[in-house]
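Undergrad: Can you read through this structure? Questions will come right after.
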Amino acid sequence: MTVADTLLDETTLLLVGDTDWVDRFENALHDRTEATVRRETTAEAALDFVESAGVDCLVVEQFLHGGTAVELLRSVRAETRTLPVVVATAAGDESTASEAIGAGASDYVAVGDDHTAAVAELLDRTDRAVRRARRERTQRERARQFDAMFGDERTATWVLSPDGRLVRLNETARDLVDVSADELVGEPFWTLPWWSGDDESNPDVRKLVETALDGSFANAVVAPSSLTDHTTVVDLSVRPVSNERGELVSVVVEGVEVTDRVELERDLRRSEELHRVTLNNMTDTVLMTDEDGEYTYVCPNVHFIFGYTAAELRERVPIDELLGPDLFDREELAEQGVLKNIECTASDKAGNEHTLLVNVREVSIQEGTILYSCRDITKRKQREEALATLQETARDFLYAGTHQEIAQHVVEDTPGVVDLEASAVFLFDADSNELRPSAYSPALSELHGPLPGIPLSEDALPSYSFVQDEAVFFDDVHRSPRLRNEATDLRSAAYIPLGDHGVFFVGSDRVDAFDDVTRELADLLAATAEAALDRVTRESRLRDQDRTLQRQNEQLTALNRINETIREIDQALVQAETRESVDHTVCELLTNDDRFAFAWVGSVDRATNTVTPRAWDGAEQGYLDSRTFTIDGDGDEPVGRTAARGEPTTVSNVAAGLRDEPWRTDALARDYLSVLSIPLAYNDLTHGVLTVYADSREAFDDTARTVLEELGGTIASALSALERKNALLSTSMTRVEFAIDDDAFVLSRLARAADCTVSYQGGVQQTTEGSFVFARFEGAPVEDVVQAATDLVAIEGVRTVSTDGTSGVVRLHLTEPFLAFELADHGAVFREATTTPDSTTVVIDVPNGIDVRTVTQLVEATFTGVELRSRQTLDNVDEHDLYSSFLATVTDRQLEVVQTAYFSGYFESPRDSSGEAVAETLGISSTAFYRHVRTVQQKLFGVLFEDGARPPTRSGVR
């Protein structure tokens, strides 16, 4: 070692002792080095200096004043373990050296007698002690630094062996995985679960470690998917650690979580990208100039408005030429700092004018002082002007009353709204199922020619748009396969459906005439027109509904009046005692309604073939005496036709056919303008004809006809009820006998089918199950009679009541109404019926007050081949009263039981049938049978003994 290599120049040395060699060593230090040297002779002073001042090395002789070197050494070591201490002695031995070294001396030097050589060695040994102490101090500092770094909670640290296997790791690294880290020591770092999955290795981490194993520092950012937090991003730093000889002894890997930084960087990149995209695609243009008007910044999207590139704008168009020289007042800008919404007109590179909205602001950005923000509002201005026109159009629509007017307004206002001249409105005609051109502009006629109607079945553009309810726009309509007129000069075309009303067309002879604003405005115009058409349709429908409601109200009022009249008539019919009262009441109440001028009731006389008036009311004015009312189905007068056909006859306008039918002249002379004639029929019997006349046309609508026709049935029913009432009160009756030759009579068919005599035995009943009668047969076995009855469609069922070989009684369940019921409705009694295979005789009792002709008419209407054989009058018909009184006291079931018992021979002596047998026939218990029989007997004897009766007498035969 040379003096130039020593570290003593940079150290402070404390020499302790007063021997000769110490003096020589001090002189040598001054001569050969630039070290700072202090000299003390006592241990106490030396210790004070060490404690108070900084010393890099202490050189002590063995024996001192007040102590020894070892004692001083021990005191120094009590204060510091790092200060190098060299112990030198003039004459030493191994024990002294061992004691010094044991006390903590850095080195021990035996000076000997050759002080020159000893001083040189002492210089060298002192330098090495200083070097060694400094190296140890450096190592300790590094160790402390490593320990501090190793224990950093923010940094994960791994220590690897020279072959890349894990040796040690700190707590931060342990917390990154769920696996016990101690089990991973000794494994290759790139296969550990921090970086890889099961049975896999991370090639990126391995390459990073291998770089460090080669002696180079390496760094990388990794985002391992196997970490506890899958979103964690780690910045790995790998550095090799070598010893003094340059040999690799370990590798230190540090990992710092940089997730937030990575996210910030990612967000920053996204923000920068978004900023670039925004600047390149925003429609606003930003310009910046200096005070002289020179551009300092031109937005990349300047071509959106002006058509120039940024370079072209800088070179060709100054700001005053671009936006105008008087765009703003510089003093006003200086005062306010910003001027907003300055509207100006500028021309682009192609010469097209644009309306701009400019904001001007004072700035200080690099060399720029004025910033211009330009927004193109050309389309907005166009839209505003179009919307103003559209508002006027909508106002005009409010006063339009028809679809045609709205169509014309649309065509007239189309140029002002969409700035296109060719337009038309096709309205849908549901009757012809086609779109018809309701209005079109002259420009469309010049470009396209005449516009025909378009059937919906035709695959044309208007019909397609309407049927599909789809707006279709064409930049060039000639490209559409649905174009029918290929000679048209139209190029751009739009078809927009107007709901259910039709189609709006607008077009141009230019290609690509529809931009976004034009399309939007065309849709708005069509929507406004559709709303107006809806309004007109709705108002028209409401007017129709109002008219319908008014008509219905009038009909309802008339109906209410008729119903009121009908209620009064019904009440009068209930209280009426005679037919004359019924007829006059009906006519009077009908003519009380001012809708009807005259009403009369006539009797139908088949003998004279005429209708004879029997009651009338109202403005008759001699009409009934002016003519004869003949029964004629093809006649002219309504009364005659009704009487002949049995159907209502209505004449809505008497004045029609005035010259063809003479009766109309007489009717019009009395202001009879409409007539309704209805039959008074009940159960196929006619009680006359009611005819009503009105002094207005169409007085008898459907409702009035229906109500009056029902009234005719009510009147007829009331007349029949009066006949039945009079029949019950009558003390005499007429018995008529008819011969009938008609298989329609069910007993006649049964007699012929069974080849026997069948007679009606009474007991007729009508229930919800049908009609039941008892019939006696003679001359045939009961089996033949039952079989014949079963084969007849008119007989639902048959039950044998009694039999004695070739005669007996059966109970028939009929499917058709029996004549007795129809006669009963008119007060007549079906008394007897006897049928053989060749003839049928029927006997009917007709009480006085009932016209025999009515009964005859009913029989003749029911059967063909009817012959009246005899009529006889029976006086004092107490028998009839007795029978009626008896029937009034028993129930249908009681009557059925006693009739079945009677015809079964239960009341014969000896009995032909027992009570048990009859009960079995009826399907009831013996107890119920006996109870019914005793009840009926008690009621019959009560009528006989309490009311009394006498037999009828015959007064004559006609």
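Simple scheme: letters A, B, ... for chains in structure tokens order, numbers from 1 for residues in each chain, numbers from 1 for ligands in the order shown.
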Can you pull out every residue within 9 Å of Thr691 in chain A, counting only C-alpha atoms, but drop anything in the same chain fewer than 3 positions away, and send it as a PyMOL selection string?
TA: chain A and resi 598-602+638-639+675-679
Undergrad: Write out as an NGL selection string which residues come within 12 Å of His584 in chain A when counting only C-alpha atoms, dropping same-chain ones fewer than 3 positions away.
TA: :A and (569 or 572-573 or 576 or 578-581 or 587-591 or 599-602 or 613-618 or 690 or 715)
Undergrad: Choose the residue, out of A:Asp671, A:Asp515, A:Glu698, A:Glu778, that has the smallest atom-to-atom separation from Ser492 in chain A; count only C-alpha atoms.
TA: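 Of A:Asp671, A:Asp515, A:Glu698, A:Glu778, the one nearest Ser492 in chain A is A:Asp515, counting only C-alpha atoms.
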Undergrad: Could you check how far CA of Leu524 in chain A sits from CA of Asp489 in chain A, in Å to one decimal?
TA: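 Pair CA of Leu524 in chain A / CA of Asp489 in chain A returns 25.8 Å.
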Undergrad: Give me, as a ChimeraX atom specification, all polymer residues having an atom no more than 7 Å from Ile305 in chain A, counting only C-alpha atoms and skipping those fewer than 2 positions away in the same chain.
TA: /A:302-303,307,348,376
